[in-house]
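Coordinates as given in work_36.tsv (TSV, C-alpha atoms):
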chain	number	residue	atom	x	y	z
A	137	MET	CA	111.51	-58.71	51.73
A	138	ILE	CA	110.62	-61.76	53.82
A	139	ASP	CA	111.46	-61.84	57.53
A	140	LYS	CA	108.76	-63.27	59.81
A	141	SER	CA	106.36	-61.85	57.25
A	142	LEU	CA	102.66	-62.15	56.61
A	143	VAL	CA	102.00	-62.32	52.87
A	144	VAL	CA	98.40	-61.60	51.86
A	145	PHE	CA	97.00	-62.59	48.47
A	146	PHE	CA	94.34	-60.75	46.47
A	147	THR	CA	93.01	-61.31	42.97
A	148	ALA	CA	93.68	-58.29	40.77
A	149	SER	CA	90.58	-56.29	39.76
A	150	TYR	CA	88.30	-58.39	41.95
A	151	PRO	CA	85.66	-57.17	42.43
A	152	SER	CA	87.09	-54.01	40.79
A	153	PRO	CA	90.48	-52.34	40.42
A	154	GLU	CA	89.48	-49.67	42.94
A	155	LYS	CA	88.38	-52.22	45.52
A	156	THR	CA	91.55	-54.23	45.01
A	157	VAL	CA	93.60	-51.18	45.94
A	158	GLU	CA	91.40	-50.60	48.99
A	159	PHE	CA	91.81	-54.21	50.09
A	160	MET	CA	95.58	-54.04	49.62
A	161	LEU	CA	95.85	-50.85	51.66
A	162	THR	CA	93.56	-52.21	54.38
A	163	ALA	CA	95.62	-55.37	54.76
A	164	SER	CA	98.88	-53.40	54.74
A	165	GLU	CA	97.66	-51.03	57.44
A	166	ALA	CA	96.48	-53.99	59.56
A	167	GLY	CA	99.85	-55.73	59.47
A	168	ALA	CA	100.42	-57.48	56.14
A	169	ASP	CA	104.11	-57.24	55.31
A	170	VAL	CA	103.88	-58.22	51.64
A	171	ILE	CA	101.01	-58.15	49.16
A	172	GLU	CA	100.74	-60.91	46.56
A	173	LEU	CA	98.58	-59.84	43.63
A	174	GLY	CA	97.24	-62.61	41.44
A	175	ILE	CA	96.52	-62.12	37.75
A	176	PRO	CA	93.21	-63.81	36.90
A	177	PHE	CA	93.64	-66.75	34.54
A	178	SER	CA	91.16	-69.05	32.84
A	179	ASP	CA	92.96	-72.34	33.63
A	180	PRO	CA	94.55	-71.91	37.08
A	181	VAL	CA	95.82	-75.44	37.70
A	182	ALA	CA	97.52	-74.59	41.00
A	183	ASP	CA	94.54	-72.82	42.54
A	184	GLY	CA	91.60	-74.36	44.35
A	185	LYS	CA	87.89	-73.69	44.06
A	186	THR	CA	87.82	-70.45	46.05
A	187	ILE	CA	90.48	-68.63	44.04
A	188	GLN	CA	89.23	-70.16	40.78
A	189	GLU	CA	85.82	-68.61	41.50
A	190	SER	CA	87.42	-65.18	41.96
A	191	TYR	CA	89.24	-65.55	38.63
A	192	VAL	CA	86.05	-66.46	36.76
A	193	ARG	CA	84.29	-63.38	38.13
A	194	ALA	CA	87.25	-61.05	37.61
A	195	LEU	CA	87.86	-62.11	34.01
A	196	LYS	CA	84.50	-60.72	32.89
A	197	ASN	CA	85.95	-57.20	32.87
A	198	PHE	CA	89.68	-57.77	33.21
A	199	ARG	CA	92.61	-56.38	31.23
A	200	VAL	CA	96.21	-57.11	32.21
A	201	LYS	CA	97.13	-53.41	32.20
A	202	GLN	CA	94.78	-52.98	35.16
A	203	VAL	CA	97.34	-54.81	37.29
A	204	PHE	CA	99.94	-52.13	36.66
A	205	ASP	CA	97.43	-49.39	37.40
A	206	ILE	CA	96.46	-51.10	40.67
A	207	VAL	CA	100.08	-51.37	41.81
A	208	ARG	CA	100.86	-47.80	40.78
A	209	THR	CA	97.89	-46.49	42.77
A	210	PHE	CA	98.80	-48.65	45.78
A	211	ARG	CA	102.41	-47.53	45.57
A	212	GLY	CA	101.25	-43.93	45.90
A	213	GLU	CA	100.11	-44.71	49.45
A	214	SER	CA	102.24	-47.64	50.63
A	215	ASP	CA	105.78	-48.89	50.28
A	216	LYS	CA	104.95	-52.47	51.28
A	217	PRO	CA	106.45	-54.96	48.80
A	218	VAL	CA	104.20	-56.27	46.03
A	219	VAL	CA	104.67	-59.66	44.38
A	220	ILE	CA	102.76	-60.39	41.18
A	221	MET	CA	101.59	-63.98	40.87
A	222	SER	CA	100.75	-65.10	37.35
A	223	TYR	CA	100.65	-68.00	34.97
A	224	PHE	CA	103.02	-67.63	32.04
A	225	ASN	CA	100.43	-67.17	29.30
A	226	PRO	CA	99.45	-63.53	30.10
A	227	ILE	CA	103.13	-62.60	30.33
A	228	TYR	CA	104.01	-64.37	27.08
A	229	ARG	CA	101.11	-62.77	25.21
A	230	MET	CA	102.22	-59.25	26.19
A	231	GLY	CA	105.87	-60.07	25.62
A	232	VAL	CA	108.08	-61.01	28.54
A	233	ARG	CA	110.32	-57.93	28.47
A	234	ASP	CA	107.41	-55.55	27.95
A	235	PHE	CA	105.47	-57.14	30.82
A	236	VAL	CA	108.39	-57.09	33.25
A	237	GLU	CA	109.32	-53.50	32.35
A	238	ARG	CA	105.75	-52.31	32.86
A	239	ALA	CA	105.43	-54.20	36.12
A	240	TYR	CA	108.71	-52.85	37.43
A	241	SER	CA	107.92	-49.26	36.47
A	242	SER	CA	104.54	-49.52	38.22
A	243	GLY	CA	106.22	-50.52	41.50
A	244	VAL	CA	106.18	-54.33	41.51
A	245	ASP	CA	109.04	-55.79	43.58
A	246	ALA	CA	109.00	-59.42	42.48
A	247	MET	CA	107.21	-61.88	40.21
A	248	LEU	CA	106.11	-65.48	40.71
A	249	VAL	CA	105.14	-67.44	37.59
A	250	VAL	CA	103.56	-70.57	38.98
A	251	ASP	CA	103.69	-72.75	35.84
A	252	LEU	CA	107.22	-71.78	34.79
A	253	PRO	CA	109.76	-74.18	36.36
A	254	TYR	CA	113.22	-72.82	37.02
A	255	ASP	CA	114.86	-75.04	34.37
A	256	GLU	CA	112.68	-73.51	31.64
A	257	ALA	CA	112.98	-69.96	32.94
A	258	GLU	CA	116.44	-68.88	31.78
A	259	GLU	CA	115.27	-66.19	29.34
A	260	TYR	CA	112.61	-64.91	31.76
A	261	ALA	CA	115.08	-64.83	34.67
A	262	ASP	CA	117.69	-63.03	32.56
A	263	ILE	CA	115.15	-60.37	31.53
A	264	CYS	CA	114.04	-59.87	35.14
A	265	SER	CA	117.63	-59.57	36.29
A	266	SER	CA	118.47	-57.01	33.59
A	267	ILE	CA	115.49	-54.85	34.62
A	268	GLY	CA	115.92	-55.23	38.38
A	269	MET	CA	112.86	-57.38	39.03
A	270	ASP	CA	113.21	-60.01	41.74
A	271	THR	CA	111.98	-63.52	40.98
A	272	VAL	CA	110.25	-66.07	43.20
A	273	PHE	CA	109.97	-69.78	42.41
A	274	LEU	CA	107.85	-72.52	43.90
A	275	ALA	CA	109.15	-75.58	45.70
A	276	ALA	CA	107.12	-78.60	46.79
A	277	PRO	CA	107.60	-81.19	49.55
A	278	ASN	CA	109.08	-83.60	46.99
A	279	THR	CA	111.39	-81.10	45.26
A	280	SER	CA	114.84	-82.68	45.04
A	281	GLU	CA	117.83	-81.22	46.83
A	282	GLU	CA	119.43	-80.36	43.48
A	283	ARG	CA	116.34	-78.46	42.34
A	284	LEU	CA	116.01	-76.71	45.70
A	285	ARG	CA	119.56	-75.42	45.42
A	286	ALA	CA	118.90	-74.16	41.89
A	287	ILE	CA	115.64	-72.49	42.95
A	288	ASP	CA	117.47	-70.91	45.87
A	289	GLU	CA	119.97	-69.35	43.46
A	290	LEU	CA	117.23	-67.69	41.38
A	291	SER	CA	114.72	-66.69	44.06
A	292	THR	CA	114.61	-63.66	46.32
A	293	PHE	CA	112.66	-66.03	48.57
A	294	ILE	CA	111.39	-69.57	48.11
A	295	TYR	CA	107.62	-70.11	48.05
A	296	LEU	CA	107.22	-73.51	49.65
A	297	VAL	CA	103.96	-75.28	48.87
A	298	SER	CA	102.92	-76.88	52.15
A	299	THR	CA	101.23	-79.94	50.69
A	300	TYR	CA	100.35	-81.70	47.46
A	301	GLY	CA	97.34	-80.42	45.54
A	302	VAL	CA	95.88	-76.94	45.11
A	303	THR	CA	95.30	-73.86	47.24
A	304	GLY	CA	92.48	-73.80	49.77
A	305	GLU	CA	91.70	-73.41	53.46
A	306	ARG	CA	92.46	-76.42	55.65
A	307	LYS	CA	91.67	-77.17	59.29
A	308	GLU	CA	95.21	-78.16	60.19
A	309	ILE	CA	98.69	-77.77	58.76
A	310	SER	CA	99.87	-81.13	57.46
A	311	PRO	CA	102.88	-82.75	59.15
A	312	LEU	CA	104.30	-82.89	55.63
A	313	ALA	CA	104.55	-79.10	55.66
A	314	PHE	CA	106.80	-79.09	58.72
A	315	GLU	CA	108.99	-81.84	57.28
A	316	ALA	CA	109.30	-79.94	53.98
A	317	LEU	CA	110.03	-76.68	55.79
A	318	LYS	CA	112.80	-78.22	57.90
A	319	ARG	CA	114.37	-79.73	54.80
A	320	ALA	CA	114.15	-76.51	52.79
A	321	LYS	CA	115.66	-74.45	55.60
A	322	ASN	CA	118.57	-76.88	55.84
A	323	ILE	CA	119.28	-76.57	52.11
A	324	CYS	CA	118.32	-73.02	51.10
A	325	LYS	CA	120.14	-69.83	51.98
A	326	LYS	CA	117.26	-67.54	50.98
A	327	PRO	CA	114.15	-66.99	53.13
A	328	VAL	CA	111.37	-69.58	52.88
A	329	ALA	CA	107.69	-68.60	52.88
A	330	VAL	CA	105.04	-71.31	53.27
A	331	GLY	CA	101.69	-71.22	51.51
A	332	PHE	CA	98.68	-73.36	50.54
A	333	GLY	CA	96.26	-74.18	53.36
A	334	VAL	CA	97.28	-71.47	55.83
A	335	SER	CA	94.17	-69.70	57.13
A	336	LYS	CA	94.36	-69.23	60.92
A	337	ALA	CA	96.54	-67.40	63.42
A	338	ASP	CA	97.48	-70.74	64.97
A	339	HIS	CA	98.69	-72.00	61.57
A	340	VAL	CA	100.84	-68.90	61.23
A	341	ARG	CA	102.30	-69.28	64.72
A	342	GLN	CA	103.11	-72.96	64.20
A	343	LEU	CA	104.92	-72.32	60.93
A	344	ILE	CA	106.89	-69.33	62.20
A	345	ASP	CA	107.85	-71.31	65.30
A	346	ALA	CA	109.00	-74.13	63.00
A	347	GLY	CA	111.36	-71.77	61.17
A	348	ALA	CA	109.31	-70.28	58.32
A	349	ASP	CA	110.45	-66.80	57.33
A	350	GLY	CA	106.98	-65.98	56.07
A	351	VAL	CA	103.49	-67.38	55.55
A	352	VAL	CA	101.19	-66.79	52.59
A	353	VAL	CA	97.41	-66.59	53.06
A	354	GLY	CA	95.11	-66.36	50.06
A	355	SER	CA	91.95	-68.45	50.04
A	356	ALA	CA	90.77	-67.19	53.44
A	357	PHE	CA	90.77	-63.63	52.10
A	358	ILE	CA	89.25	-64.53	48.74
A	359	ARG	CA	86.45	-66.48	50.41
A	360	ILE	CA	85.46	-63.31	52.29
A	361	ILE	CA	85.48	-61.29	49.07
A	362	ASN	CA	83.50	-63.99	47.25
A	363	GLU	CA	80.87	-63.71	49.98
A	364	LYS	CA	80.84	-59.94	50.59
A	365	GLY	CA	82.27	-58.34	47.48
A	366	GLY	CA	83.22	-54.71	47.93
A	367	SER	CA	81.84	-54.73	51.47
A	368	ALA	CA	84.63	-57.02	52.67
A	369	VAL	CA	86.97	-54.28	53.92
A	370	GLU	CA	86.38	-54.64	57.67
A	371	ASP	CA	86.48	-58.43	57.48
A	372	ILE	CA	89.81	-58.18	55.66
A	373	ARG	CA	91.12	-55.89	58.38
A	374	LYS	CA	90.01	-58.28	61.14
A	375	LEU	CA	91.46	-61.34	59.45
A	376	THR	CA	94.78	-59.60	58.81
A	377	LEU	CA	95.04	-58.51	62.45
A	378	ASN	CA	94.21	-62.03	63.58
A	379	LEU	CA	96.78	-63.66	61.32
A	380	LYS	CA	99.43	-61.11	62.26
A	381	SER	CA	98.87	-62.00	65.92
A	382	GLY	CA	100.15	-65.46	65.06
A	383	ILE	CA	103.48	-63.96	64.05
A	384	LEU	CA	103.68	-61.53	66.97
A	385	GLY	CA	102.76	-64.33	69.36
A	386	SER	CA	105.65	-66.45	68.14
A	387	TYR	CA	108.37	-64.01	69.26
Starting from the file, give its structure as structure tokens.
Amino acid sequence: MIDKSLVVFFTASYPSPEKTVEFMLTASEAGADVIELGIPFSDPVADGKTIQESYVRALKNFRVKQVFDIVRTFRGESDKPVVIMSYFNPIYRMGVRDFVERAYSSGVDAMLVVDLPYDEAEEYADICSSIGMDTVFLAAPNTSEERLRAIDELSTFIYLVSTYGVTGERKEISPLAFEALKRAKNICKKPVAVGFGVSKADHVRQLIDAGADGVVVGSAFIRIINEKGGSAVEDIRKLTLNLKSGILGSY
């Protein structure tokens, strides 16, 4: 799923389910290799101001089942992998098995539950495995070697948080990100994708050159949608092409 890949994040049903599908297809056609689809949540502790704003707006008319409809519609026109990103509460409220089964049948390839650490995820991971759903877990710059190895066992790829704090656009990639990436690549056997703070083609190129198997970009896309709403399609296309050039330029 992850191999010198550009992962693009969108908030589900923002500004509408139909527009979310259009944004996903636009990014895919412009070079996104994987789509990460975030489920809006009222207390998103890992997300910065930009994505929080999208969640607040989306939640006014949001139902979790819309996520499955969005993926099903997208899957009718694209086979690009889709990763659902969620906090655990919406999954728990629906019922873990029911949620995973519905996600899998709609065409979701993997799930990332940002507030569910691997050592509390045994039941969830077992359910995903029994259904055929891949799982993704987060690692941070200070994640111990023991935890990294355990995360590596459970994950189809490791989502490496590039810095401490929350999501958001940053001018430069922190040196900490490159140190954490080198360490993770030395320990983990699975691919490593880096996120949090990536927003420019140069960021993408630097991380791929440093050994990242993928980069995740979210806030830069959500900022555009916050500003332009449903009219953001061409800006999404341009940003995707620009970011993808960072990967192509690293070969």
Please write out, as AutoDock Vina command-line options, where the centre of an axis-aligned box around all listed atoms of segment 338-345 of chain A lies and how long its edges are, in Å to one decimal, after adding 3 Å on each side.
--center_x 102.7 --center_y -70.9 --center_z 63.1 --size_x 16.4 --size_y 10.1 --size_z 10.4
- Using all atoms listed in the file, which residue out of A:Ala337, A:Ala348, A:Met230, A:Val203 lies closest to Leu384 of chain A? A:Ala337
- Surrounding residues of segment 362-373 of chain A excluding itself and chain neighbours under 4 positions, 8 Å, only C-alpha atoms, as a VMD selection string: chain A and resid 151 155 158 to 159 162 to 163 166 186 189 to 190 357 to 358 377
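Shortest atom-to-atom contact with Lys185 of chain A among A:Ser355, A:Ala320, A:Gly243, A:Leu142: A:Ser355, counting all atoms listed in the file.
Of the residues listed (A:Ala276, A:Ala329, A:Val297, A:Val192), A:Val192 shows the shortest atom-to-atom separation from Asp179 of chain A; distances use all atoms listed in the file.
Relative to atom CA of Val340 of chain A, atom CA of Leu379 of chain A is found at 6.6 Å.
Here the residues that fall within 12 Å of (107.4, -83.7, 57.9), using all atoms listed in the file, are given as Pro277, Asn278, Ser298, Thr299, Ile309, Ser310, Pro311, Leu312, Ala313, Phe314, Glu315, Ala316, Leu317, Lys318, Arg319, Ala320 and Ala346 of chain A.
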- Query: Got a sec: who's within 9 Å of Tyr240 of chain A, counting only C-alpha atoms, leaving out chain neighbours fewer than 6 positions off, as a PyMOL selection string?
  - Reply: chain A and resi 204+246+267-269
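Rounded to one decimal, atom CA of Phe198 of chain A and atom CA of Gly231 of chain A lie 18.0 Å from each other.
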- Just the residues within 7 Å of Phe145 of chain A, please, counting only C-alpha atoms, with nothing from its chain fewer than 4 positions along; format it as a PyMOL selection string. chain A and resi 171-173+353-354
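Taking all atoms listed in the file into account, Ser141 of chain A lies nearest to A:Leu343 out of the set A:Leu161, A:Cys324, A:Ile287, A:Leu343.
Coordinates place atom CA of Gly385 of chain A at a distance of 28.5 Å from atom CA of Gly174 of chain A.
Closest approach to Asp245 of chain A among A:Ile360, A:Val218, A:Val351, A:Leu375: A:Val218, based on only C-alpha atoms.
With distances taken over all atoms listed in the file, A:Val143 is the one residue among A:Leu284, A:Gly331, A:Val143, A:Leu290 lying closest to Ile220 of chain A.
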- Message: Excluding segment 253-262 of chain A and its own-chain neighbours fewer than 3 positions away, which residues fall within 8 Å of it when counting all atoms listed in the file? Please give them as number ranges by chain.
- Response: A: 232, 250, 265-266, 271, 273-274, 286-287, 290
Generate a file for segment 139-154 of chain A, containing all heavy atoms, as a PDB file, in the first residue's frame.
ATOM      1  N   ASP A 139       4.548   2.838  -0.820  1.00  0.00           N
ATOM      2  CA  ASP A 139       5.837   2.687  -1.485  1.00  0.00           C
ATOM      3  C   ASP A 139       6.138   3.986  -2.235  1.00  0.00           C
ATOM      4  O   ASP A 139       5.666   4.188  -3.343  1.00  0.00           O
ATOM      5  CB  ASP A 139       5.819   1.497  -2.442  1.00  0.00           C
ATOM      6  CG  ASP A 139       7.150   1.288  -3.138  1.00  0.00           C
ATOM      7  OD1 ASP A 139       8.166   1.874  -2.675  1.00  0.00           O
ATOM      8  OD2 ASP A 139       7.176   0.554  -4.136  1.00  0.00           O
ATOM      9  N   LYS A 140       6.893   4.869  -1.584  1.00  0.00           N
ATOM     10  CA  LYS A 140       7.107   6.231  -2.117  1.00  0.00           C
ATOM     11  C   LYS A 140       5.752   6.862  -2.455  1.00  0.00           C
ATOM     12  O   LYS A 140       5.519   7.334  -3.569  1.00  0.00           O
ATOM     13  CB  LYS A 140       8.036   6.204  -3.323  1.00  0.00           C
ATOM     14  CG  LYS A 140       9.495   5.909  -2.966  1.00  0.00           C
ATOM     15  CD  LYS A 140      10.403   6.029  -4.171  1.00  0.00           C
ATOM     16  CE  LYS A 140      11.865   6.002  -3.759  1.00  0.00           C
ATOM     17  NZ  LYS A 140      12.242   4.808  -3.004  1.00  0.00           N
ATOM     18  N   SER A 141       4.888   6.865  -1.464  1.00  0.00           N
ATOM     19  CA  SER A 141       3.482   7.209  -1.668  1.00  0.00           C
ATOM     20  C   SER A 141       3.117   8.566  -1.080  1.00  0.00           C
ATOM     21  O   SER A 141       3.593   8.940  -0.005  1.00  0.00           O
ATOM     22  CB  SER A 141       2.585   6.143  -1.026  1.00  0.00           C
ATOM     23  OG  SER A 141       2.836   4.883  -1.590  1.00  0.00           O
ATOM     24  N   LEU A 142       2.247   9.257  -1.790  1.00  0.00           N
ATOM     25  CA  LEU A 142       1.635  10.474  -1.286  1.00  0.00           C
ATOM     26  C   LEU A 142       0.266  10.118  -0.721  1.00  0.00           C
ATOM     27  O   LEU A 142      -0.601   9.618  -1.433  1.00  0.00           O
ATOM     28  CB  LEU A 142       1.485  11.505  -2.404  1.00  0.00           C
ATOM     29  CG  LEU A 142       0.704  12.782  -2.050  1.00  0.00           C
ATOM     30  CD1 LEU A 142       1.416  13.571  -0.951  1.00  0.00           C
ATOM     31  CD2 LEU A 142       0.495  13.643  -3.297  1.00  0.00           C
ATOM     32  N   VAL A 143       0.095  10.368   0.568  1.00  0.00           N
ATOM     33  CA  VAL A 143      -1.163  10.090   1.256  1.00  0.00           C
ATOM     34  C   VAL A 143      -1.858  11.428   1.511  1.00  0.00           C
ATOM     35  O   VAL A 143      -1.278  12.311   2.147  1.00  0.00           O
ATOM     36  CB  VAL A 143      -0.935   9.354   2.586  1.00  0.00           C
ATOM     37  CG1 VAL A 143      -2.275   8.998   3.235  1.00  0.00           C
ATOM     38  CG2 VAL A 143      -0.078   8.107   2.379  1.00  0.00           C
ATOM     39  N   VAL A 144      -3.072  11.567   1.010  1.00  0.00           N
ATOM     40  CA  VAL A 144      -3.813  12.825   1.125  1.00  0.00           C
ATOM     41  C   VAL A 144      -5.010  12.632   2.050  1.00  0.00           C
ATOM     42  O   VAL A 144      -5.776  11.676   1.890  1.00  0.00           O
ATOM     43  CB  VAL A 144      -4.276  13.313  -0.263  1.00  0.00           C
ATOM     44  CG1 VAL A 144      -5.219  14.510  -0.131  1.00  0.00           C
ATOM     45  CG2 VAL A 144      -3.065  13.689  -1.114  1.00  0.00           C
ATOM     46  N   PHE A 145      -5.164  13.558   2.987  1.00  0.00           N
ATOM     47  CA  PHE A 145      -6.215  13.471   4.002  1.00  0.00           C
ATOM     48  C   PHE A 145      -7.372  14.413   3.681  1.00  0.00           C
ATOM     49  O   PHE A 145      -7.158  15.588   3.351  1.00  0.00           O
ATOM     50  CB  PHE A 145      -5.644  13.847   5.381  1.00  0.00           C
ATOM     51  CG  PHE A 145      -6.682  13.966   6.464  1.00  0.00           C
ATOM     52  CD1 PHE A 145      -6.976  12.884   7.279  1.00  0.00           C
ATOM     53  CD2 PHE A 145      -7.345  15.165   6.685  1.00  0.00           C
ATOM     54  CE1 PHE A 145      -7.927  12.992   8.279  1.00  0.00           C
ATOM     55  CE2 PHE A 145      -8.297  15.288   7.689  1.00  0.00           C
ATOM     56  CZ  PHE A 145      -8.592  14.198   8.489  1.00  0.00           C
ATOM     57  N   PHE A 146      -8.590  13.896   3.815  1.00  0.00           N
ATOM     58  CA  PHE A 146      -9.799  14.713   3.745  1.00  0.00           C
ATOM     59  C   PHE A 146     -10.697  14.381   4.930  1.00  0.00           C
ATOM     60  O   PHE A 146     -10.678  13.255   5.442  1.00  0.00           O
ATOM     61  CB  PHE A 146     -10.568  14.471   2.443  1.00  0.00           C
ATOM     62  CG  PHE A 146      -9.837  14.884   1.209  1.00  0.00           C
ATOM     63  CD1 PHE A 146      -9.345  13.939   0.329  1.00  0.00           C
ATOM     64  CD2 PHE A 146      -9.626  16.229   0.924  1.00  0.00           C
ATOM     65  CE1 PHE A 146      -8.649  14.314  -0.818  1.00  0.00           C
ATOM     66  CE2 PHE A 146      -8.941  16.620  -0.214  1.00  0.00           C
ATOM     67  CZ  PHE A 146      -8.447  15.663  -1.086  1.00  0.00           C
ATOM     68  N   THR A 147     -11.483  15.351   5.345  1.00  0.00           N
ATOM     69  CA  THR A 147     -12.494  15.130   6.377  1.00  0.00           C
ATOM     70  C   THR A 147     -13.768  14.627   5.722  1.00  0.00           C
ATOM     71  O   THR A 147     -14.281  15.248   4.788  1.00  0.00           O
ATOM     72  CB  THR A 147     -12.780  16.435   7.144  1.00  0.00           C
ATOM     73  OG1 THR A 147     -11.587  16.852   7.820  1.00  0.00           O
ATOM     74  CG2 THR A 147     -13.893  16.252   8.159  1.00  0.00           C
ATOM     75  N   ALA A 148     -14.278  13.520   6.204  1.00  0.00           N
ATOM     76  CA  ALA A 148     -15.477  12.920   5.616  1.00  0.00           C
ATOM     77  C   ALA A 148     -16.679  13.857   5.731  1.00  0.00           C
ATOM     78  O   ALA A 148     -16.906  14.474   6.772  1.00  0.00           O
ATOM     79  CB  ALA A 148     -15.791  11.596   6.303  1.00  0.00           C
ATOM     80  N   SER A 149     -17.413  13.975   4.643  1.00  0.00           N
ATOM     81  CA  SER A 149     -18.654  14.772   4.563  1.00  0.00           C
ATOM     82  C   SER A 149     -18.418  16.266   4.687  1.00  0.00           C
ATOM     83  O   SER A 149     -19.348  17.017   4.996  1.00  0.00           O
ATOM     84  CB  SER A 149     -19.663  14.322   5.632  1.00  0.00           C
ATOM     85  OG  SER A 149     -20.127  13.028   5.359  1.00  0.00           O
ATOM     86  N   TYR A 150     -17.187  16.706   4.438  1.00  0.00           N
ATOM     87  CA  TYR A 150     -16.888  18.129   4.526  1.00  0.00           C
ATOM     88  C   TYR A 150     -16.435  18.668   3.173  1.00  0.00           C
ATOM     89  O   TYR A 150     -15.440  18.193   2.650  1.00  0.00           O
ATOM     90  CB  TYR A 150     -15.794  18.367   5.566  1.00  0.00           C
ATOM     91  CG  TYR A 150     -15.412  19.820   5.730  1.00  0.00           C
ATOM     92  CD1 TYR A 150     -16.345  20.759   6.144  1.00  0.00           C
ATOM     93  CD2 TYR A 150     -14.108  20.243   5.453  1.00  0.00           C
ATOM     94  CE1 TYR A 150     -15.989  22.094   6.287  1.00  0.00           C
ATOM     95  CE2 TYR A 150     -13.755  21.573   5.600  1.00  0.00           C
ATOM     96  CZ  TYR A 150     -14.702  22.494   6.016  1.00  0.00           C
ATOM     97  OH  TYR A 150     -14.358  23.808   6.149  1.00  0.00           O
ATOM     98  N   PRO A 151     -17.172  19.586   2.582  1.00  0.00           N
ATOM     99  CA  PRO A 151     -18.372  20.238   3.104  1.00  0.00           C
ATOM    100  C   PRO A 151     -19.659  19.439   2.885  1.00  0.00           C
ATOM    101  O   PRO A 151     -20.706  19.819   3.383  1.00  0.00           O
ATOM    102  CB  PRO A 151     -18.414  21.553   2.320  1.00  0.00           C
ATOM    103  CG  PRO A 151     -17.783  21.215   1.010  1.00  0.00           C
ATOM    104  CD  PRO A 151     -16.707  20.222   1.324  1.00  0.00           C
ATOM    105  N   SER A 152     -19.577  18.341   2.140  1.00  0.00           N
ATOM    106  CA  SER A 152     -20.723  17.453   1.924  1.00  0.00           C
ATOM    107  C   SER A 152     -20.176  16.097   1.502  1.00  0.00           C
ATOM    108  O   SER A 152     -19.027  15.990   1.048  1.00  0.00           O
ATOM    109  CB  SER A 152     -21.640  18.010   0.833  1.00  0.00           C
ATOM    110  OG  SER A 152     -21.012  17.921  -0.444  1.00  0.00           O
ATOM    111  N   PRO A 153     -20.979  15.038   1.641  1.00  0.00           N
ATOM    112  CA  PRO A 153     -20.509  13.736   1.162  1.00  0.00           C
ATOM    113  C   PRO A 153     -20.146  13.750  -0.322  1.00  0.00           C
ATOM    114  O   PRO A 153     -19.133  13.155  -0.725  1.00  0.00           O
ATOM    115  CB  PRO A 153     -21.707  12.809   1.439  1.00  0.00           C
ATOM    116  CG  PRO A 153     -22.419  13.455   2.583  1.00  0.00           C
ATOM    117  CD  PRO A 153     -22.274  14.932   2.344  1.00  0.00           C
ATOM    118  N   GLU A 154     -20.949  14.424  -1.127  1.00  0.00           N
ATOM    119  CA  GLU A 154     -20.705  14.454  -2.572  1.00  0.00           C
ATOM    120  C   GLU A 154     -19.396  15.159  -2.900  1.00  0.00           C
ATOM    121  O   GLU A 154     -18.617  14.708  -3.759  1.00  0.00           O
ATOM    122  CB  GLU A 154     -21.872  15.153  -3.282  1.00  0.00           C
ATOM    123  CG  GLU A 154     -23.197  14.431  -3.177  1.00  0.00           C
ATOM    124  CD  GLU A 154     -23.882  14.589  -1.820  1.00  0.00           C
ATOM    125  OE1 GLU A 154     -23.517  15.519  -1.061  1.00  0.00           O
ATOM    126  OE2 GLU A 154     -24.768  13.771  -1.516  1.00  0.00           O
TER     127      GLU A 154
END
